[in-house]
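Chemist: Quick one, work-v5.txt (compact mmCIF, N, CA and C atoms and all ligand atoms):
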# COMPACT_ATOMS: atom_id res chain seq x y z
N MET B 35 -19.73 -26.70 36.36
CA MET B 35 -18.42 -26.09 36.63
C MET B 35 -18.04 -25.12 35.50
N PRO B 36 -18.14 -23.83 35.77
CA PRO B 36 -17.90 -22.85 34.71
C PRO B 36 -16.44 -22.76 34.29
N ASP B 37 -15.52 -23.19 35.15
CA ASP B 37 -14.10 -23.08 34.81
C ASP B 37 -13.62 -24.20 33.90
N GLN B 38 -14.45 -25.22 33.75
CA GLN B 38 -14.05 -26.37 32.94
C GLN B 38 -14.83 -26.38 31.63
N ILE B 39 -14.23 -26.90 30.59
CA ILE B 39 -14.94 -27.04 29.32
C ILE B 39 -15.74 -28.34 29.39
N SER B 40 -17.05 -28.25 29.05
CA SER B 40 -17.93 -29.41 29.15
C SER B 40 -17.51 -30.49 28.16
N THR B 41 -17.91 -31.72 28.49
CA THR B 41 -17.55 -32.86 27.64
C THR B 41 -18.09 -32.67 26.22
N ARG B 42 -19.31 -32.11 26.15
CA ARG B 42 -19.91 -31.90 24.83
C ARG B 42 -19.04 -30.97 23.99
N ARG B 43 -18.54 -29.95 24.61
CA ARG B 43 -17.69 -29.01 23.88
C ARG B 43 -16.34 -29.63 23.53
N LYS B 44 -15.85 -30.49 24.42
CA LYS B 44 -14.58 -31.16 24.12
C LYS B 44 -14.73 -32.05 22.91
N VAL B 45 -15.88 -32.78 22.87
CA VAL B 45 -16.15 -33.66 21.73
C VAL B 45 -16.21 -32.84 20.45
N LEU B 46 -16.88 -31.71 20.51
CA LEU B 46 -16.97 -30.81 19.35
C LEU B 46 -15.58 -30.35 18.93
N TYR B 47 -14.80 -29.98 19.93
CA TYR B 47 -13.47 -29.43 19.68
C TYR B 47 -12.57 -30.46 18.99
N TYR B 48 -12.50 -31.65 19.59
CA TYR B 48 -11.61 -32.68 19.02
C TYR B 48 -12.18 -33.28 17.74
N GLY B 49 -13.53 -33.50 17.74
CA GLY B 49 -14.17 -34.04 16.54
C GLY B 49 -14.01 -33.07 15.38
N GLY B 50 -14.22 -31.78 15.66
CA GLY B 50 -14.06 -30.76 14.63
C GLY B 50 -12.63 -30.72 14.11
N GLY B 51 -11.69 -30.82 15.03
CA GLY B 51 -10.28 -30.82 14.65
C GLY B 51 -9.95 -31.99 13.74
N LEU B 52 -10.50 -33.16 14.09
CA LEU B 52 -10.28 -34.36 13.28
C LEU B 52 -10.86 -34.20 11.89
N LEU B 53 -12.10 -33.68 11.84
CA LEU B 53 -12.78 -33.44 10.56
C LEU B 53 -11.95 -32.51 9.68
N MET B 54 -11.44 -31.47 10.33
CA MET B 54 -10.65 -30.48 9.61
C MET B 54 -9.42 -31.13 8.99
N VAL B 55 -8.73 -31.92 9.83
CA VAL B 55 -7.53 -32.61 9.35
C VAL B 55 -7.89 -33.59 8.22
N ALA B 56 -9.02 -34.31 8.41
CA ALA B 56 -9.44 -35.29 7.40
C ALA B 56 -9.79 -34.59 6.09
N GLY B 57 -10.51 -33.47 6.18
CA GLY B 57 -10.90 -32.73 4.99
C GLY B 57 -9.69 -32.21 4.23
N ILE B 58 -8.77 -31.60 4.98
CA ILE B 58 -7.56 -31.06 4.35
C ILE B 58 -6.72 -32.20 3.78
N GLY B 59 -6.67 -33.30 4.53
CA GLY B 59 -5.92 -34.48 4.07
C GLY B 59 -6.49 -35.01 2.76
N ALA B 60 -7.82 -35.12 2.69
CA ALA B 60 -8.46 -35.62 1.47
C ALA B 60 -8.19 -34.68 0.30
N PHE B 61 -8.27 -33.39 0.59
CA PHE B 61 -8.02 -32.38 -0.44
C PHE B 61 -6.60 -32.53 -1.00
N MET B 62 -5.63 -32.60 -0.09
CA MET B 62 -4.23 -32.73 -0.49
C MET B 62 -4.01 -34.02 -1.26
N PHE B 63 -4.66 -35.08 -0.77
CA PHE B 63 -4.50 -36.39 -1.38
C PHE B 63 -4.96 -36.36 -2.85
N TYR B 64 -6.17 -35.81 -3.06
CA TYR B 64 -6.72 -35.77 -4.41
C TYR B 64 -5.92 -34.84 -5.30
N MET B 65 -5.45 -33.74 -4.72
CA MET B 65 -4.66 -32.80 -5.50
C MET B 65 -3.35 -33.45 -5.92
N GLY B 66 -2.72 -34.12 -4.94
CA GLY B 66 -1.46 -34.80 -5.23
C GLY B 66 -1.66 -35.91 -6.26
N TRP B 67 -2.73 -36.62 -6.08
CA TRP B 67 -3.03 -37.72 -6.99
C TRP B 67 -3.24 -37.18 -8.42
N GLY B 68 -3.97 -36.07 -8.50
CA GLY B 68 -4.22 -35.45 -9.81
C GLY B 68 -2.92 -35.02 -10.46
N MET B 69 -2.02 -34.43 -9.67
CA MET B 69 -0.75 -33.96 -10.20
C MET B 69 0.12 -35.12 -10.66
N LEU B 70 -0.03 -36.23 -9.95
CA LEU B 70 0.82 -37.39 -10.27
C LEU B 70 0.24 -38.21 -11.43
N GLY B 71 -0.80 -37.72 -12.08
CA GLY B 71 -1.31 -38.42 -13.25
C GLY B 71 -2.69 -39.00 -13.08
N GLY B 72 -3.28 -38.81 -11.89
CA GLY B 72 -4.63 -39.34 -11.67
C GLY B 72 -5.66 -38.68 -12.57
N PHE B 73 -5.34 -37.49 -13.06
CA PHE B 73 -6.28 -36.77 -13.93
C PHE B 73 -6.46 -37.46 -15.27
N GLU B 74 -5.54 -38.37 -15.61
CA GLU B 74 -5.66 -39.06 -16.89
C GLU B 74 -6.88 -39.98 -16.90
N ASP B 75 -7.26 -40.41 -15.73
CA ASP B 75 -8.49 -41.20 -15.61
C ASP B 75 -9.66 -40.24 -15.80
N HIS B 76 -10.37 -40.43 -16.88
CA HIS B 76 -11.41 -39.47 -17.26
C HIS B 76 -12.50 -39.32 -16.19
N GLU B 77 -12.93 -40.44 -15.70
CA GLU B 77 -14.02 -40.42 -14.70
C GLU B 77 -13.59 -39.68 -13.44
N LEU B 78 -12.36 -39.95 -13.03
CA LEU B 78 -11.82 -39.31 -11.82
C LEU B 78 -11.68 -37.80 -12.04
N LYS B 79 -11.27 -37.45 -13.24
CA LYS B 79 -11.06 -36.04 -13.57
C LYS B 79 -12.38 -35.27 -13.47
N GLU B 80 -13.45 -35.92 -13.91
CA GLU B 80 -14.75 -35.26 -13.86
C GLU B 80 -15.25 -35.11 -12.43
N ARG B 81 -14.87 -36.07 -11.62
CA ARG B 81 -15.34 -36.06 -10.24
C ARG B 81 -14.50 -35.13 -9.35
N MET B 82 -13.30 -34.80 -9.85
CA MET B 82 -12.34 -34.06 -9.02
C MET B 82 -12.88 -32.78 -8.38
N PRO B 83 -13.49 -31.88 -9.15
CA PRO B 83 -13.97 -30.63 -8.52
C PRO B 83 -14.94 -30.90 -7.37
N ALA B 84 -15.84 -31.84 -7.56
CA ALA B 84 -16.82 -32.16 -6.53
C ALA B 84 -16.13 -32.72 -5.29
N VAL B 85 -15.16 -33.61 -5.53
CA VAL B 85 -14.44 -34.22 -4.41
C VAL B 85 -13.67 -33.14 -3.63
N MET B 86 -13.03 -32.24 -4.37
CA MET B 86 -12.24 -31.20 -3.70
C MET B 86 -13.15 -30.25 -2.93
N LEU B 87 -14.25 -29.88 -3.54
CA LEU B 87 -15.20 -28.99 -2.86
C LEU B 87 -15.71 -29.64 -1.58
N THR B 88 -16.07 -30.93 -1.71
CA THR B 88 -16.60 -31.65 -0.56
C THR B 88 -15.56 -31.72 0.56
N SER B 89 -14.32 -32.05 0.18
CA SER B 89 -13.29 -32.18 1.22
C SER B 89 -13.02 -30.83 1.88
N MET B 90 -13.05 -29.75 1.09
CA MET B 90 -12.84 -28.43 1.69
C MET B 90 -14.01 -28.06 2.59
N ALA B 91 -15.22 -28.43 2.14
CA ALA B 91 -16.40 -28.16 2.96
C ALA B 91 -16.30 -28.90 4.28
N ILE B 92 -15.86 -30.16 4.21
CA ILE B 92 -15.71 -30.95 5.44
C ILE B 92 -14.69 -30.28 6.36
N ALA B 93 -13.59 -29.81 5.77
CA ALA B 93 -12.55 -29.16 6.56
C ALA B 93 -13.09 -27.88 7.20
N MET B 94 -13.90 -27.13 6.43
CA MET B 94 -14.44 -25.88 6.97
C MET B 94 -15.43 -26.15 8.09
N VAL B 95 -16.31 -27.13 7.88
CA VAL B 95 -17.27 -27.49 8.93
C VAL B 95 -16.50 -27.95 10.17
N GLY B 96 -15.46 -28.74 9.94
CA GLY B 96 -14.63 -29.22 11.05
C GLY B 96 -14.01 -28.08 11.82
N GLY B 97 -13.48 -27.11 11.07
CA GLY B 97 -12.86 -25.96 11.71
C GLY B 97 -13.86 -25.15 12.51
N PHE B 98 -15.06 -25.05 11.95
CA PHE B 98 -16.16 -24.34 12.59
C PHE B 98 -16.52 -25.01 13.91
N LEU B 99 -16.71 -26.33 13.86
CA LEU B 99 -17.05 -27.09 15.07
C LEU B 99 -15.93 -26.96 16.10
N ASN B 100 -14.72 -26.95 15.61
CA ASN B 100 -13.54 -26.85 16.47
C ASN B 100 -13.57 -25.55 17.26
N VAL B 101 -13.90 -24.46 16.58
CA VAL B 101 -13.97 -23.14 17.24
C VAL B 101 -15.12 -23.11 18.24
N ILE B 102 -16.29 -23.64 17.82
CA ILE B 102 -17.45 -23.65 18.72
C ILE B 102 -17.13 -24.47 19.97
N GLY B 103 -16.49 -25.62 19.76
CA GLY B 103 -16.14 -26.47 20.89
C GLY B 103 -15.20 -25.76 21.84
N GLY B 104 -14.21 -25.06 21.28
CA GLY B 104 -13.21 -24.40 22.11
C GLY B 104 -13.76 -23.17 22.82
N LYS B 105 -14.54 -22.37 22.12
CA LYS B 105 -14.96 -21.08 22.67
C LYS B 105 -16.43 -21.02 23.03
N GLY B 106 -17.21 -22.03 22.67
CA GLY B 106 -18.64 -22.00 22.95
C GLY B 106 -19.38 -21.20 21.89
N LEU B 107 -20.69 -21.38 21.83
CA LEU B 107 -21.51 -20.71 20.81
C LEU B 107 -21.41 -19.20 20.92
N ALA B 108 -21.53 -18.71 22.14
CA ALA B 108 -21.49 -17.26 22.34
C ALA B 108 -20.07 -16.74 22.19
N GLY B 109 -19.11 -17.50 22.70
CA GLY B 109 -17.72 -17.08 22.62
C GLY B 109 -17.22 -17.00 21.20
N ALA B 110 -17.76 -17.87 20.32
CA ALA B 110 -17.35 -17.87 18.93
C ALA B 110 -18.06 -16.77 18.14
N GLY B 111 -18.97 -16.06 18.77
CA GLY B 111 -19.66 -14.96 18.12
C GLY B 111 -20.92 -15.37 17.40
N LEU B 112 -21.38 -16.61 17.60
CA LEU B 112 -22.60 -17.06 16.92
C LEU B 112 -23.84 -16.58 17.64
N ILE B 113 -23.71 -16.44 18.95
CA ILE B 113 -24.82 -15.89 19.72
C ILE B 113 -24.31 -14.60 20.34
N LEU B 114 -25.02 -13.51 20.10
CA LEU B 114 -24.57 -12.23 20.63
C LEU B 114 -25.12 -12.03 22.03
N ASP B 115 -24.41 -12.57 22.96
CA ASP B 115 -24.82 -12.48 24.36
C ASP B 115 -23.55 -12.31 25.19
N PRO B 116 -23.24 -11.05 25.55
CA PRO B 116 -21.96 -10.78 26.22
C PRO B 116 -21.75 -11.60 27.49
N ASP B 117 -22.82 -11.76 28.28
CA ASP B 117 -22.67 -12.49 29.53
C ASP B 117 -22.33 -13.94 29.27
N ARG B 118 -23.06 -14.53 28.30
CA ARG B 118 -22.80 -15.93 27.99
C ARG B 118 -21.44 -16.09 27.33
N ALA B 119 -21.07 -15.11 26.52
CA ALA B 119 -19.77 -15.17 25.85
C ALA B 119 -18.66 -15.21 26.89
N ARG B 120 -18.84 -14.40 27.93
CA ARG B 120 -17.82 -14.36 28.97
C ARG B 120 -17.73 -15.72 29.68
N LYS B 121 -18.90 -16.29 29.92
CA LYS B 121 -18.94 -17.59 30.59
C LYS B 121 -18.33 -18.67 29.70
N ASP B 122 -18.71 -18.63 28.41
CA ASP B 122 -18.20 -19.62 27.46
C ASP B 122 -16.70 -19.52 27.31
N LEU B 123 -16.20 -18.29 27.34
CA LEU B 123 -14.78 -18.07 27.10
C LEU B 123 -13.95 -18.22 28.36
N LYS B 124 -14.65 -18.38 29.50
CA LYS B 124 -13.92 -18.38 30.77
C LYS B 124 -12.77 -19.40 30.82
N PRO B 125 -13.04 -20.65 30.41
CA PRO B 125 -11.94 -21.60 30.45
C PRO B 125 -10.77 -21.16 29.58
N TYR B 126 -11.11 -20.52 28.44
CA TYR B 126 -10.07 -20.05 27.52
C TYR B 126 -9.27 -18.91 28.12
N SER B 127 -10.01 -17.91 28.66
CA SER B 127 -9.30 -16.76 29.23
C SER B 127 -8.53 -17.18 30.46
N LYS B 128 -9.10 -18.16 31.18
CA LYS B 128 -8.42 -18.63 32.38
C LYS B 128 -7.09 -19.28 31.99
N MET B 129 -7.15 -20.03 30.89
CA MET B 129 -5.95 -20.70 30.40
C MET B 129 -4.91 -19.64 30.03
N ALA B 130 -5.36 -18.61 29.29
CA ALA B 130 -4.45 -17.54 28.87
C ALA B 130 -3.90 -16.82 30.09
N GLY B 131 -4.79 -16.55 31.06
CA GLY B 131 -4.37 -15.88 32.28
C GLY B 131 -3.36 -16.72 33.03
N GLY B 132 -3.60 -18.02 33.05
CA GLY B 132 -2.68 -18.93 33.73
C GLY B 132 -1.30 -18.91 33.11
N MET B 133 -1.29 -18.86 31.77
CA MET B 133 0.00 -18.84 31.07
C MET B 133 0.73 -17.54 31.34
N LEU B 134 -0.07 -16.45 31.42
CA LEU B 134 0.52 -15.14 31.72
C LEU B 134 1.12 -15.16 33.12
N GLU B 135 0.38 -15.77 34.05
CA GLU B 135 0.86 -15.88 35.42
C GLU B 135 2.17 -16.66 35.48
N ASP B 136 2.21 -17.75 34.67
CA ASP B 136 3.43 -18.55 34.63
C ASP B 136 4.61 -17.71 34.18
N ALA B 137 4.36 -16.90 33.15
CA ALA B 137 5.42 -16.06 32.60
C ALA B 137 5.88 -15.06 33.65
N LEU B 138 4.93 -14.47 34.37
CA LEU B 138 5.28 -13.49 35.40
C LEU B 138 6.04 -14.16 36.53
N GLU B 139 5.62 -15.37 36.84
CA GLU B 139 6.27 -16.11 37.92
C GLU B 139 7.74 -16.35 37.57
N ASN B 140 7.98 -16.73 36.30
CA ASN B 140 9.34 -16.97 35.86
C ASN B 140 10.18 -15.71 35.99
N ARG B 141 9.57 -14.57 35.63
CA ARG B 141 10.28 -13.31 35.70
C ARG B 141 10.62 -12.98 37.15
N ASP B 142 9.64 -13.23 38.04
CA ASP B 142 9.86 -12.96 39.45
C ASP B 142 11.01 -13.79 39.99
N LEU B 143 11.05 -15.06 39.56
CA LEU B 143 12.10 -15.95 40.04
C LEU B 143 13.47 -15.42 39.64
N SER B 144 13.58 -14.95 38.39
CA SER B 144 14.88 -14.50 37.91
C SER B 144 15.29 -13.19 38.58
N GLN B 145 14.31 -12.45 39.09
CA GLN B 145 14.63 -11.16 39.69
C GLN B 145 14.60 -11.22 41.22
N SER B 146 14.44 -12.40 41.76
CA SER B 146 14.34 -12.51 43.21
C SER B 146 15.65 -12.09 43.88
N VAL B 147 15.52 -11.69 45.13
CA VAL B 147 16.67 -11.17 45.85
C VAL B 147 17.72 -12.25 46.06
N SER B 148 18.94 -11.94 45.65
CA SER B 148 20.01 -12.91 45.83
C SER B 148 20.50 -12.82 47.27
N PRO B 149 21.05 -13.91 47.82
CA PRO B 149 21.42 -13.96 49.23
C PRO B 149 22.42 -12.88 49.64
N GLY B 150 23.34 -12.50 48.72
CA GLY B 150 24.39 -11.56 49.11
C GLY B 150 23.98 -10.10 49.02
N GLU B 151 22.76 -9.84 48.59
CA GLU B 151 22.34 -8.45 48.36
C GLU B 151 22.22 -7.66 49.66
N THR B 152 22.71 -6.40 49.66
CA THR B 152 22.66 -5.59 50.87
C THR B 152 21.28 -4.95 51.02
N ILE B 153 20.88 -4.77 52.26
CA ILE B 153 19.60 -4.12 52.54
C ILE B 153 19.85 -2.63 52.76
N LYS B 154 19.03 -1.84 52.11
CA LYS B 154 19.20 -0.39 52.23
C LYS B 154 18.10 0.20 53.11
N ILE B 155 18.48 1.24 53.85
CA ILE B 155 17.50 1.92 54.70
C ILE B 155 17.24 3.31 54.11
N ARG B 156 15.97 3.61 53.91
CA ARG B 156 15.64 4.91 53.32
C ARG B 156 15.58 5.99 54.41
N CYS B 157 16.28 7.09 54.15
CA CYS B 157 16.24 8.23 55.06
C CYS B 157 14.89 8.91 54.93
N ARG B 158 14.21 9.09 56.06
CA ARG B 158 12.86 9.65 56.01
C ARG B 158 12.84 11.10 55.48
N PRO B 159 13.70 11.99 55.97
CA PRO B 159 13.61 13.38 55.49
C PRO B 159 13.96 13.54 54.01
N CYS B 160 15.01 12.86 53.51
CA CYS B 160 15.43 13.16 52.14
C CYS B 160 15.23 11.99 51.16
N GLY B 161 14.99 10.82 51.68
CA GLY B 161 14.71 9.68 50.80
C GLY B 161 15.95 8.96 50.29
N TRP B 162 17.13 9.34 50.71
CA TRP B 162 18.35 8.70 50.28
C TRP B 162 18.42 7.26 50.81
N LEU B 163 18.92 6.35 49.99
CA LEU B 163 19.03 4.96 50.44
C LEU B 163 20.41 4.75 51.05
N ASN B 164 20.41 4.52 52.36
CA ASN B 164 21.66 4.33 53.08
C ASN B 164 21.91 2.86 53.37
N ASP B 165 23.16 2.54 53.64
CA ASP B 165 23.50 1.17 54.01
C ASP B 165 22.83 0.81 55.33
N GLU B 166 22.61 -0.47 55.49
CA GLU B 166 21.86 -0.96 56.65
C GLU B 166 22.52 -0.55 57.97
N GLU B 167 23.89 -0.58 58.00
CA GLU B 167 24.58 -0.36 59.26
C GLU B 167 24.84 1.11 59.58
N SER B 168 24.56 2.02 58.63
CA SER B 168 24.86 3.43 58.90
C SER B 168 23.86 4.05 59.88
N ASN B 169 24.38 4.92 60.76
CA ASN B 169 23.52 5.56 61.76
C ASN B 169 23.05 6.93 61.30
N PHE B 170 23.83 7.54 60.41
CA PHE B 170 23.45 8.86 59.90
C PHE B 170 23.32 8.80 58.38
N CYS B 171 22.43 9.65 57.87
CA CYS B 171 22.19 9.65 56.43
C CYS B 171 23.43 10.13 55.68
N HIS B 172 23.80 9.43 54.65
CA HIS B 172 24.97 9.76 53.85
C HIS B 172 24.74 11.06 53.09
N GLU B 173 23.47 11.38 52.83
CA GLU B 173 23.16 12.53 51.98
C GLU B 173 22.92 13.81 52.80
N CYS B 174 22.07 13.68 53.84
CA CYS B 174 21.71 14.90 54.57
C CYS B 174 22.28 14.94 56.00
N GLY B 175 22.85 13.84 56.45
CA GLY B 175 23.52 13.83 57.74
C GLY B 175 22.60 13.65 58.94
N LYS B 176 21.31 13.55 58.72
CA LYS B 176 20.41 13.36 59.85
C LYS B 176 20.46 11.93 60.35
N PRO B 177 20.22 11.74 61.67
CA PRO B 177 20.24 10.37 62.20
C PRO B 177 19.10 9.51 61.63
N ILE B 178 19.41 8.26 61.41
CA ILE B 178 18.39 7.37 60.86
C ILE B 178 17.69 6.62 61.99
ZN ZN X 201 18.82 11.96 54.48
Could you take the file, read its structure, and then write that structure out as structure tokens?
Ligand SMILES: [Zn+2]
Modeler:
Amino acid sequence: MPDQISTRRKVLYYGGGLLMVAGIGAFMFYMGWGMLGGFEDHELKERMPAVMLTSMAIAMVGGFLNVIGGKGLAGAGLILDPDRARKDLKPYSKMAGGMLEDALENRDLSQSVSPGETIKIRCRPCGWLNDEESNFCHECGKPI
């Protein structure tokens, strides 16, 4: 089913997102801990750069997987294959298109014809919009 995102990609998407959150969380945690006095522990202080690098790397890998899961290998630009990119991105573009349709639908609803609105008849020779009940054009006088 090309319109649906495959389970494998969903796993990548959510797993990547989790990794990203975990990596950023670990980074913030260690940074906060260091600021709050954790740096006084000599061993921890020495390990800090490595821990921070690792947590950022985990977050980056997570973010990467997240993008691949959401847009597919080709859609994320890792494989240069326009046809496959279009296929990979289809669920995404469909989603965006759907949201656009929703927005247009809302606009249509707000602009829909109200019950009391009068119907106008266009005069064929001159194009003037006349009231529904008029027999002759208000502008040029020809019969409608
Ligand atoms: Zn007319």
Chemist: Please measure the separation of atom C of Val45 (chain B) and atom C of Val95 (chain B), giving the value in Å to one decimal.
Modeler: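 The value is 11.4 Å.
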Chemist: Give the residue list for ligand ZN 201 (chain X) at 12 Å, counting only C-alpha atoms and all ligand atoms, as a tab-separated table (two decimals) with N, CA and C atoms, in the coordinates of the input, sorted by chain and then by residue number.
Modeler:
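Listed below is the output, pocket32.tsv:
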chain	number	residue	atom	x	y	z
B	155	ILE	N	18.48	1.24	53.85
B	155	ILE	CA	17.50	1.92	54.70
B	155	ILE	C	17.24	3.31	54.11
B	156	ARG	N	15.97	3.61	53.91
B	156	ARG	CA	15.64	4.91	53.32
B	156	ARG	C	15.58	5.99	54.41
B	157	CYS	N	16.28	7.09	54.15
B	157	CYS	CA	16.24	8.23	55.06
B	157	CYS	C	14.89	8.91	54.93
B	158	ARG	N	14.21	9.09	56.06
B	158	ARG	CA	12.86	9.65	56.01
B	158	ARG	C	12.84	11.10	55.48
B	159	PRO	N	13.70	11.99	55.97
B	159	PRO	CA	13.61	13.38	55.49
B	159	PRO	C	13.96	13.54	54.01
B	160	CYS	N	15.01	12.86	53.51
B	160	CYS	CA	15.43	13.16	52.14
B	160	CYS	C	15.23	11.99	51.16
B	161	GLY	N	14.99	10.82	51.68
B	161	GLY	CA	14.71	9.68	50.80
B	161	GLY	C	15.95	8.96	50.29
B	162	TRP	N	17.13	9.34	50.71
B	162	TRP	CA	18.35	8.70	50.28
B	162	TRP	C	18.42	7.26	50.81
B	163	LEU	N	18.92	6.35	49.99
B	163	LEU	CA	19.03	4.96	50.44
B	163	LEU	C	20.41	4.75	51.05
B	164	ASN	N	20.41	4.52	52.36
B	164	ASN	CA	21.66	4.33	53.08
B	164	ASN	C	21.91	2.86	53.37
B	165	ASP	N	23.16	2.54	53.64
B	165	ASP	CA	23.50	1.17	54.01
B	165	ASP	C	22.83	0.81	55.33
B	168	SER	N	24.56	2.02	58.63
B	168	SER	CA	24.86	3.43	58.90
B	168	SER	C	23.86	4.05	59.88
B	169	ASN	N	24.38	4.92	60.76
B	169	ASN	CA	23.52	5.56	61.76
B	169	ASN	C	23.05	6.93	61.30
B	170	PHE	N	23.83	7.54	60.41
B	170	PHE	CA	23.45	8.86	59.90
B	170	PHE	C	23.32	8.80	58.38
B	171	CYS	N	22.43	9.65	57.87
B	171	CYS	CA	22.19	9.65	56.43
B	171	CYS	C	23.43	10.13	55.68
B	172	HIS	N	23.80	9.43	54.65
B	172	HIS	CA	24.97	9.76	53.85
B	172	HIS	C	24.74	11.06	53.09
B	173	GLU	N	23.47	11.38	52.83
B	173	GLU	CA	23.16	12.53	51.98
B	173	GLU	C	22.92	13.81	52.80
B	174	CYS	N	22.07	13.68	53.84
B	174	CYS	CA	21.71	14.90	54.57
B	174	CYS	C	22.28	14.94	56.00
B	175	GLY	N	22.85	13.84	56.45
B	175	GLY	CA	23.52	13.83	57.74
B	175	GLY	C	22.60	13.65	58.94
B	176	LYS	N	21.31	13.55	58.72
B	176	LYS	CA	20.41	13.36	59.85
B	176	LYS	C	20.46	11.93	60.35
B	177	PRO	N	20.22	11.74	61.67
B	177	PRO	CA	20.24	10.37	62.20
B	177	PRO	C	19.10	9.51	61.63
B	178	ILE	N	19.41	8.26	61.41
B	178	ILE	CA	18.39	7.37	60.86
B	178	ILE	C	17.69	6.62	61.99
Chemist: Would you please extract all strand (DSSP E or B) residues from region 36-175 of chain B, as assigned by DSSP on the backbone, and give them as a ChimeraX atom specification?
Modeler: /B:154-156,163-165,170
Chemist: Just write the chosen residues, N, CA and C atoms, as a tab-separated table (two decimals), in the frame of the given file.
Modeler:
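Below is the file that was written, part.tsv:
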chain	number	residue	atom	x	y	z
B	154	LYS	N	19.03	-1.84	52.11
B	154	LYS	CA	19.20	-0.39	52.23
B	154	LYS	C	18.10	0.20	53.11
B	155	ILE	N	18.48	1.24	53.85
B	155	ILE	CA	17.50	1.92	54.70
B	155	ILE	C	17.24	3.31	54.11
B	156	ARG	N	15.97	3.61	53.91
B	156	ARG	CA	15.64	4.91	53.32
B	156	ARG	C	15.58	5.99	54.41
B	163	LEU	N	18.92	6.35	49.99
B	163	LEU	CA	19.03	4.96	50.44
B	163	LEU	C	20.41	4.75	51.05
B	164	ASN	N	20.41	4.52	52.36
B	164	ASN	CA	21.66	4.33	53.08
B	164	ASN	C	21.91	2.86	53.37
B	165	ASP	N	23.16	2.54	53.64
B	165	ASP	CA	23.50	1.17	54.01
B	165	ASP	C	22.83	0.81	55.33
B	170	PHE	N	23.83	7.54	60.41
B	170	PHE	CA	23.45	8.86	59.90
B	170	PHE	C	23.32	8.80	58.38
Chemist: Neighbours of Gly111 (chain B) within 12 Å (only C-alpha atoms; same-chain residues fewer than 2 positions away dropped), as a tab-separated table (two decimals) with N, CA and C atoms, keeping the file's coordinate frame?
Modeler:
chain	number	residue	atom	x	y	z
B	98	PHE	N	-15.06	-25.05	11.95
B	98	PHE	CA	-16.16	-24.34	12.59
B	98	PHE	C	-16.52	-25.01	13.91
B	101	VAL	N	-13.90	-24.46	16.58
B	101	VAL	CA	-13.97	-23.14	17.24
B	101	VAL	C	-15.12	-23.11	18.24
B	102	ILE	N	-16.29	-23.64	17.82
B	102	ILE	CA	-17.45	-23.65	18.72
B	102	ILE	C	-17.13	-24.47	19.97
B	105	LYS	N	-14.54	-22.37	22.12
B	105	LYS	CA	-14.96	-21.08	22.67
B	105	LYS	C	-16.43	-21.02	23.03
B	106	GLY	N	-17.21	-22.03	22.67
B	106	GLY	CA	-18.64	-22.00	22.95
B	106	GLY	C	-19.38	-21.20	21.89
B	107	LEU	N	-20.69	-21.38	21.83
B	107	LEU	CA	-21.51	-20.71	20.81
B	107	LEU	C	-21.41	-19.20	20.92
B	108	ALA	N	-21.53	-18.71	22.14
B	108	ALA	CA	-21.49	-17.26	22.34
B	108	ALA	C	-20.07	-16.74	22.19
B	109	GLY	N	-19.11	-17.50	22.70
B	109	GLY	CA	-17.72	-17.08	22.62
B	109	GLY	C	-17.22	-17.00	21.20
B	113	ILE	N	-23.71	-16.44	18.95
B	113	ILE	CA	-24.82	-15.89	19.72
B	113	ILE	C	-24.31	-14.60	20.34
B	114	LEU	N	-25.02	-13.51	20.10
B	114	LEU	CA	-24.57	-12.23	20.63
B	114	LEU	C	-25.12	-12.03	22.03
B	115	ASP	N	-24.41	-12.57	22.96
B	115	ASP	CA	-24.82	-12.48	24.36
B	115	ASP	C	-23.55	-12.31	25.19
B	116	PRO	N	-23.24	-11.05	25.55
B	116	PRO	CA	-21.96	-10.78	26.22
B	116	PRO	C	-21.75	-11.60	27.49
B	118	ARG	N	-23.06	-14.53	28.30
B	118	ARG	CA	-22.80	-15.93	27.99
B	118	ARG	C	-21.44	-16.09	27.33
B	119	ALA	N	-21.07	-15.11	26.52
B	119	ALA	CA	-19.77	-15.17	25.85
B	119	ALA	C	-18.66	-15.21	26.89
B	120	ARG	N	-18.84	-14.40	27.93
B	120	ARG	CA	-17.82	-14.36	28.97
B	120	ARG	C	-17.73	-15.72	29.68
B	122	ASP	N	-18.71	-18.63	28.41
B	122	ASP	CA	-18.20	-19.62	27.46
B	122	ASP	C	-16.70	-19.52	27.31
B	123	LEU	N	-16.20	-18.29	27.34
B	123	LEU	CA	-14.78	-18.07	27.10
B	123	LEU	C	-13.95	-18.22	28.36
Chemist: Nearest residue to Arg43 (chain B) out of B:Glu135, B:Tyr126, B:Gly104, B:Ala110, using only C-alpha atoms?
Modeler: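 With only C-alpha atoms as the atom set, the closest residue is B:Gly104.
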Chemist: Take CA of Thr152 (chain B) and CA of Glu167 (chain B) and report the distance between them in Å, one decimal.
Modeler: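 Separation between CA of Thr152 (chain B) and CA of Glu167 (chain B): 10.1 Å.
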Chemist: How far is it from CA of Glu139 (chain B) to CA of Gln38 (chain B), in Å with one decimal?
Modeler: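 Rounded to one decimal, the two atoms are 23.3 Å apart.
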Chemist: Determine the nearest neighbour of Phe61 (chain B) from the options B:Val85, B:Met129, B:Leu99, B:Met94, counting only C-alpha atoms.
Modeler: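 For Phe61 (chain B), the nearest of the candidates is B:Val85.
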Chemist: Near region 63-75 of chain B, within 10 Å and counting only C-alpha atoms, which residues show up once chain neighbours fewer than 6 positions away are dropped, as a short mmCIF file (atom, residue, chain, number, x, y, z; two decimals) with N, CA and C atoms, in the coordinates of the input?
Modeler:
data_model
loop_
_atom_site.label_atom_id
_atom_site.label_comp_id
_atom_site.auth_asym_id
_atom_site.auth_seq_id
_atom_site.Cartn_x
_atom_site.Cartn_y
_atom_site.Cartn_z
N GLY B 57 -10.51 -33.47 6.18
CA GLY B 57 -10.90 -32.73 4.99
C GLY B 57 -9.69 -32.21 4.23
N ARG B 81 -14.87 -36.07 -11.62
CA ARG B 81 -15.34 -36.06 -10.24
C ARG B 81 -14.50 -35.13 -9.35
N MET B 82 -13.30 -34.80 -9.85
CA MET B 82 -12.34 -34.06 -9.02
C MET B 82 -12.88 -32.78 -8.38
N PRO B 83 -13.49 -31.88 -9.15
CA PRO B 83 -13.97 -30.63 -8.52
C PRO B 83 -14.94 -30.90 -7.37
N VAL B 85 -15.16 -33.61 -5.53
CA VAL B 85 -14.44 -34.22 -4.41
C VAL B 85 -13.67 -33.14 -3.63
N MET B 86 -13.03 -32.24 -4.37
CA MET B 86 -12.24 -31.20 -3.70
C MET B 86 -13.15 -30.25 -2.93
N SER B 89 -14.32 -32.05 0.18
CA SER B 89 -13.29 -32.18 1.22
C SER B 89 -13.02 -30.83 1.88
#
